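See below for the structure under consideration.
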Amino acid sequence: MKSIIRKILPLIGVVALYYLIMYLKSIKVMNPYHIQVLMFAGVNIIMTISLNIVNGFTGQFCIGHAGFMSLGAYGASIVTTLIFGGFSVAPNLRIPVFLLGLLAGGLVAGAVGLLIGIPTLKLKGDYLAIVTLAFGEIVRATLRLIEPIGAARGMIGIPPYTNFAWVLFFVVLTLIVARNFIYSKHGRACIAIRDNEIAADAMGINTTKYKIISFVFAAFIAGVAGGLYAHVMSFIQPDTFSFVKSSDLLVYLYAGGTGSLTGSVLGGLLLTVLPEALRAFGNLVNWRIVIYAVTLVIIMLYRPLGLCGGKELPFLKINRKSLYEKSIFSRKTIHPSEISN
Amino acid sequence: MSTLMQFLVYGLQLGSVYALLAIGYTMVYGIVGMINFAHGDFLMIGALSTFFLSQAFSSFAVNGTYSGLIVALIIFVAMVGTGLIGVSVEAIAYKPLRNRPKMSALITAVGVSMFLENFPRALPFIGPSPRSFPMLFPAKRFQIQGVMISTTQIIMIVLSLVFMFILYNVVNRTKIGRQMRACSMDKDAAQLMGININRVISITFFVGAALAAASGIFYASIYPQVDVYMGGWLGTKSFIAAVIGGIGDIRGAMLGGFIMGITEILATSVNSNLGYAIGFVILILILLFKPAGIMGKLTIDKV
């Protein structure tokens with residue numbers, strides 16, 4: 001009974017949050033601009049969770065994550081705008097087309113993640129980081145060359161299918177999927193690789209395989225987030241997804257705290273809203289990025305693990321006892337197939 | 001043939017900018033073990049401060065050109081000033097994080113980079129608008145067998161080679177150079193041998209930032225426009241150059257810088273987007289076959 005309440009309560013909270021924001025919108029406390037900022041925050045949260053799976057839970061340094069986001073954004077927009085004709089889609093077909101686009105975006109990003117993951121994940125630490133940075137820039141330079149998708153001018157006329165409800169839905173979905181991944185057999189293998197790669201290898205974990213799994217999984221999520229982003233903006237450009245975007249995502253992740261889903265949500269939300277909130281102080285407009293940068297350095301100096309490094313809200317955590325009960329060690333018989341890997 | 005030689009001259013010119021900047025990345029990486037993402041912004045500070053210094057000295061200029069002595073003074077002051085900014089950045093932002101996880105230092109560097117770009121931008125007398133850089137070097141052009149060379153290019157390439165030569169000898173032949181090499185091998189052991197690590201790291205940042213300022217002055221002399229964001233892309237590219245050469249190795253940084261500059265000019269002559277991406281493609285190819293760069297040595301994890 002208690003566990004059912006624990007499962008249902010957060011979902012009730014999310015629905016309540018949605019209605020609260022819709023109510024605030026209807027009484028004109030929040031204007032469409034606020035809602036848009038919240039939608040960007042949602043997209044950034046999904047991207048941060050995706051980056052957290054690679055950097056925070058598997059211990060690999062990916063610093064070109066915007067590359068996957070741009071692949072997803074372009075993949076999704078090609079499906080919804082170029083193949084299905086954008087605004088000319090019949091109203092009752094819009095949602096299936098939108099979802100198909102997001103799926104396509106995710107699959108494109110995931111496939112490319114697999115393609116570059118296989119050769120590069122053998123590199124270690126900083127070198128992997130540099131190769132992912134190069135990957136992001138190569139994607140950007142390539143997109144600038146392809147004429148049918150607008151080359152450097154970007155793609156316009158993408159129907160704005162994404163609304164606040166969709167963003168909230170995908171944030172919750174990503175959180176649930178990411179949590180279940182992290183506490184699964186694969187996720188625990190990834191955490192073992194993060195904590196000590198050599199030891200994990202010695203325990204019989206196929207480290208390259210699990211690194212690729214987490215990389216492709218993260219790339220898929222980033223692709224879906226890119227698709228959502230494209231359908232909020234209804235305009236995408238290769239230069240939006242430059243290294244600046246990747247470093248923003250890193251900032252959200254490390255300020256929020258690695259290895260913590262709560263941290264990703266907090267980091268993505270706070271650091272997207274903070275620069276926008278600083279706009280409210282008219283004469284500070286030029287100083288807002290300075291304040292943002294100083295805040296970031298102070299967070300890193302005084303809380304080097306991020307705001308909630310290693311800590312987690314209860315409903316994003318599966319407690320160790322139930323984990324242990326499910327594990328093969330507590331059962332009487334062990335099937336041979338469970339031992340390999 | 002003469003076209004190719006012409007591209008080679010431009011490539012050497014751009015390569016010397018990259019090489020000077022890459023040296024700073026590689027020295028900091030070799031000694032502190034962090035990627036200093038704010039390094040490109042030292043280039044911007046060098047170029048901007050040279051702009052303001054040359055305005056301050058504008059009464060000495062005759063018809064918009066400065067005498068050699070004044071130019072040398074301006075460059076010297078700009079380099080020392082940028083070096084001191086580099087030292088203070090290290091002392092304020094990076095020093096407290098020295099024994100923390102690598103990624104927190106990297107994120108701090110991203111924050112410092114944002115600060116260094118946006119603080120001058122927010123100051124009313126600097127602001128975001130680009131400014132045209134003064135002519136510091138005489139721009140006489142002459143032709144050798146169909147190849148156009150300007151005196152600016154010669155001064156740039158020669159000066160950067162001189163800087164690299166001096167630095168190489170300092171690192172390999174002097175006491176402080178030996179201390180630097182000791183720190184890059186094993187910081188704890190170096191400390192036990194009585195080396196003042198804080199001093200070595202400060203000097204490293206000083207030298208790196210001063211060379212970045214020099215490369216900023218050179219870059220602004222070829223493409224005479226300075227603004228607060230000019231350091232970002234140049235920084236990333238020189239960092240890539242340092243990795244191509246083998247990060248942690250000064251000769252590698254020089255080699256990588258020149259490789260980067262020459263291939264970029266050659267590829268840009270085909271297509272401008274190709275020119276932009278070629279460095280990254282070379283990087284991936286080299287890392288796939290030589291995972292530690294051209295000159296770098298691969299370290300093996302020990303348990």
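By convention here, the chains of the structure tokens are called A, B, ... in the order presented, each chain's residues are numbered starting at 1, and ligands are numbered starting at 1 in the order presented.
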
Checklist entry - Within 8 Å of chain B, which residues of chain A show up when using only C-alpha atoms, listed as an MDAnalysis selection string? => result chainID A and resid 119:120 123 127 130:131 134:135 137:138 141:142 144:145 198 247 250:251 254 286:287 289:290 293:294 296:297 300:301 304:305

For the residues in that selection, give me C-alpha atoms as a short mmCIF file (atom, residue, chain, number, x, y, z; two decimals), in the first residue's frame.
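Output below, filename out-v4.cif:
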data_model
loop_
_atom_site.label_atom_id
_atom_site.label_comp_id
_atom_site.auth_asym_id
_atom_site.auth_seq_id
_atom_site.Cartn_x
_atom_site.Cartn_y
_atom_site.Cartn_z
CA PRO A 119 35.33 3.43 -32.65
CA THR A 120 35.62 6.30 -30.17
CA LEU A 123 39.50 6.28 -26.08
CA TYR A 127 40.54 12.26 -25.46
CA ILE A 130 37.75 16.04 -27.42
CA VAL A 131 36.47 13.58 -30.02
CA ALA A 134 34.88 17.39 -32.76
CA PHE A 135 31.84 15.24 -33.56
CA GLU A 137 31.30 20.52 -34.77
CA ILE A 138 31.47 18.13 -37.74
CA ALA A 141 29.55 21.93 -40.48
CA THR A 142 27.85 19.10 -42.42
CA ARG A 144 25.51 23.81 -43.06
CA LEU A 145 26.30 22.19 -46.41
CA ILE A 198 39.50 -1.69 -14.39
CA SER A 247 28.85 23.75 -22.80
CA LEU A 250 27.51 20.66 -19.22
CA VAL A 251 26.97 23.64 -16.97
CA TYR A 254 27.58 19.87 -13.23
CA ASN A 286 24.23 43.76 -19.90
CA TRP A 287 25.37 42.22 -16.66
CA ILE A 289 25.57 36.76 -18.26
CA VAL A 290 28.28 38.09 -15.92
CA ALA A 293 28.98 33.16 -14.87
CA VAL A 294 29.89 34.30 -11.37
CA LEU A 296 28.36 29.18 -11.77
CA VAL A 297 31.95 29.65 -10.55
CA MET A 300 31.66 25.02 -8.40
CA LEU A 301 33.98 26.50 -5.76
CA PRO A 304 32.09 21.09 -6.22
CA LEU A 305 29.74 18.11 -6.51
#

Item to check | For B:Val147: contacts at 8 Å, only C-alpha atoms, fewer than 2 positions along chain excluded, given as a VMD selection string | outcome: chain B and resid 2 to 3 5 to 6 143 to 145 149

Output the selection as a PDB file, in the first residue's frame - N, CA and C atoms for each residue.
ATOM      1  N   SER B   2      52.848  28.592 -57.728  1.00  0.00           N
ATOM      2  CA  SER B   2      52.953  29.813 -56.931  1.00  0.00           C
ATOM      3  C   SER B   2      51.697  30.011 -56.080  1.00  0.00           C
ATOM      4  N   THR B   3      50.542  29.515 -56.590  1.00  0.00           N
ATOM      5  CA  THR B   3      49.322  29.604 -55.782  1.00  0.00           C
ATOM      6  C   THR B   3      49.490  28.777 -54.516  1.00  0.00           C
ATOM      7  N   MET B   5      52.272  27.969 -53.057  1.00  0.00           N
ATOM      8  CA  MET B   5      53.223  28.647 -52.168  1.00  0.00           C
ATOM      9  C   MET B   5      52.532  29.789 -51.430  1.00  0.00           C
ATOM     10  N   GLN B   6      51.647  30.485 -52.171  1.00  0.00           N
ATOM     11  CA  GLN B   6      50.916  31.594 -51.561  1.00  0.00           C
ATOM     12  C   GLN B   6      50.059  31.098 -50.397  1.00  0.00           C
ATOM     13  N   GLN B 143      56.979  40.923 -53.865  1.00  0.00           N
ATOM     14  CA  GLN B 143      56.648  39.706 -54.591  1.00  0.00           C
ATOM     15  C   GLN B 143      57.925  38.916 -54.840  1.00  0.00           C
ATOM     16  N   ILE B 144      57.911  37.637 -54.459  1.00  0.00           N
ATOM     17  CA  ILE B 144      59.053  36.780 -54.766  1.00  0.00           C
ATOM     18  C   ILE B 144      58.534  35.656 -55.640  1.00  0.00           C
ATOM     19  N   GLN B 145      58.911  35.642 -56.908  1.00  0.00           N
ATOM     20  CA  GLN B 145      58.503  34.592 -57.846  1.00  0.00           C
ATOM     21  C   GLN B 145      57.000  34.348 -57.797  1.00  0.00           C
ATOM     22  N   ILE B 149      54.251  38.543 -50.362  1.00  0.00           N
ATOM     23  CA  ILE B 149      54.516  38.464 -48.925  1.00  0.00           C
ATOM     24  C   ILE B 149      54.522  39.881 -48.385  1.00  0.00           C
TER      25      ILE B 149
END

Excluding B:Gly208 and its own-chain neighbours fewer than 4 positions away, which residues fall within 12 Å of it when counting only C-alpha atoms? Please give them as a short mmCIF file (atom, residue, chain, number, x, y, z; two decimals) with C-alpha atoms, in the first residue's frame.
data_model
loop_
_atom_site.label_atom_id
_atom_site.label_comp_id
_atom_site.auth_asym_id
_atom_site.auth_seq_id
_atom_site.Cartn_x
_atom_site.Cartn_y
_atom_site.Cartn_z
CA ALA B 19 50.73 27.43 -32.40
CA LEU B 20 51.27 30.27 -29.90
CA LEU B 21 47.79 29.70 -28.45
CA ALA B 22 48.18 25.92 -28.43
CA ILE B 23 51.36 26.20 -26.37
CA GLY B 24 49.35 27.72 -23.52
CA TYR B 25 46.79 24.89 -23.63
CA THR B 26 49.45 22.25 -23.70
CA MET B 27 51.55 23.75 -20.88
CA VAL B 28 48.56 24.12 -18.57
CA TYR B 29 47.39 20.61 -19.41
CA GLY B 30 50.86 19.16 -18.91
CA ILE B 31 51.35 20.74 -15.51
CA ASN B 36 41.60 25.61 -19.61
CA ALA B 38 39.15 30.22 -20.87
CA HIS B 39 42.51 30.26 -22.67
CA GLY B 40 41.07 31.59 -25.92
CA ASP B 41 39.78 34.60 -24.01
CA PHE B 42 43.31 35.56 -23.01
CA LEU B 43 43.86 36.08 -26.74
CA GLY B 46 45.60 40.68 -25.39
CA MET B 79 51.64 40.58 -22.92
CA VAL B 80 52.65 41.24 -19.31
CA THR B 82 47.44 39.55 -19.95
CA GLY B 83 49.92 37.28 -18.21
CA LEU B 84 49.03 38.85 -14.87
CA ILE B 85 45.32 38.40 -15.61
CA GLY B 86 46.07 34.73 -16.35
CA VAL B 87 47.86 34.36 -13.02
CA GLU B 90 44.32 30.76 -11.77
CA PHE B 163 58.98 33.20 -28.93
CA MET B 164 58.77 29.45 -29.41
CA LEU B 167 60.22 29.10 -24.58
CA ILE B 201 51.79 26.85 -11.86
CA SER B 202 51.59 30.65 -11.64
CA ILE B 203 54.54 31.00 -14.02
CA THR B 204 52.94 28.50 -16.39
CA ALA B 212 48.04 34.03 -26.02
CA ALA B 213 48.18 37.83 -25.95
CA ALA B 214 50.94 37.79 -28.57
CA SER B 215 48.87 35.49 -30.78
CA ILE B 250 55.35 21.82 -26.43
#

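Around B:Gln153, within 9 Å and counting only C-alpha atoms, the residues found are Val9, Tyr10, Leu12, Gln13, Ala139, Phe218 and Ile222 of chain B, once anything fewer than 6 positions away on its own chain is removed.
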
Checklist entry - What does the distance from atom CA of B:Ile70 to atom CA of B:Leu53 come to in Å, to one decimal? => result 10.2 Å

Checklist entry - Just how far from atom CA of A:Ala189 is atom CA of A:Leu103, in Å to one decimal? => result 26.7 Å

Per residue of stretch 12-111 of chain A within 12 Å of stretch 199-208 of chain A, note the shortest atom pair and the distance in Å to one decimal, counting only C-alpha atoms, and order the rows by chain and increasing residue number, as a Markdown table.
| residue | atom | partner | partner_atom | distance |
| --- | --- | --- | --- | --- |
| A:Thr58 | CA | A:Thr207 | CA | 9.9 |
| A:Gly59 | CA | A:Thr207 | CA | 11.5 |
| A:Gln60 | CA | A:Thr208 | CA | 11.3 |
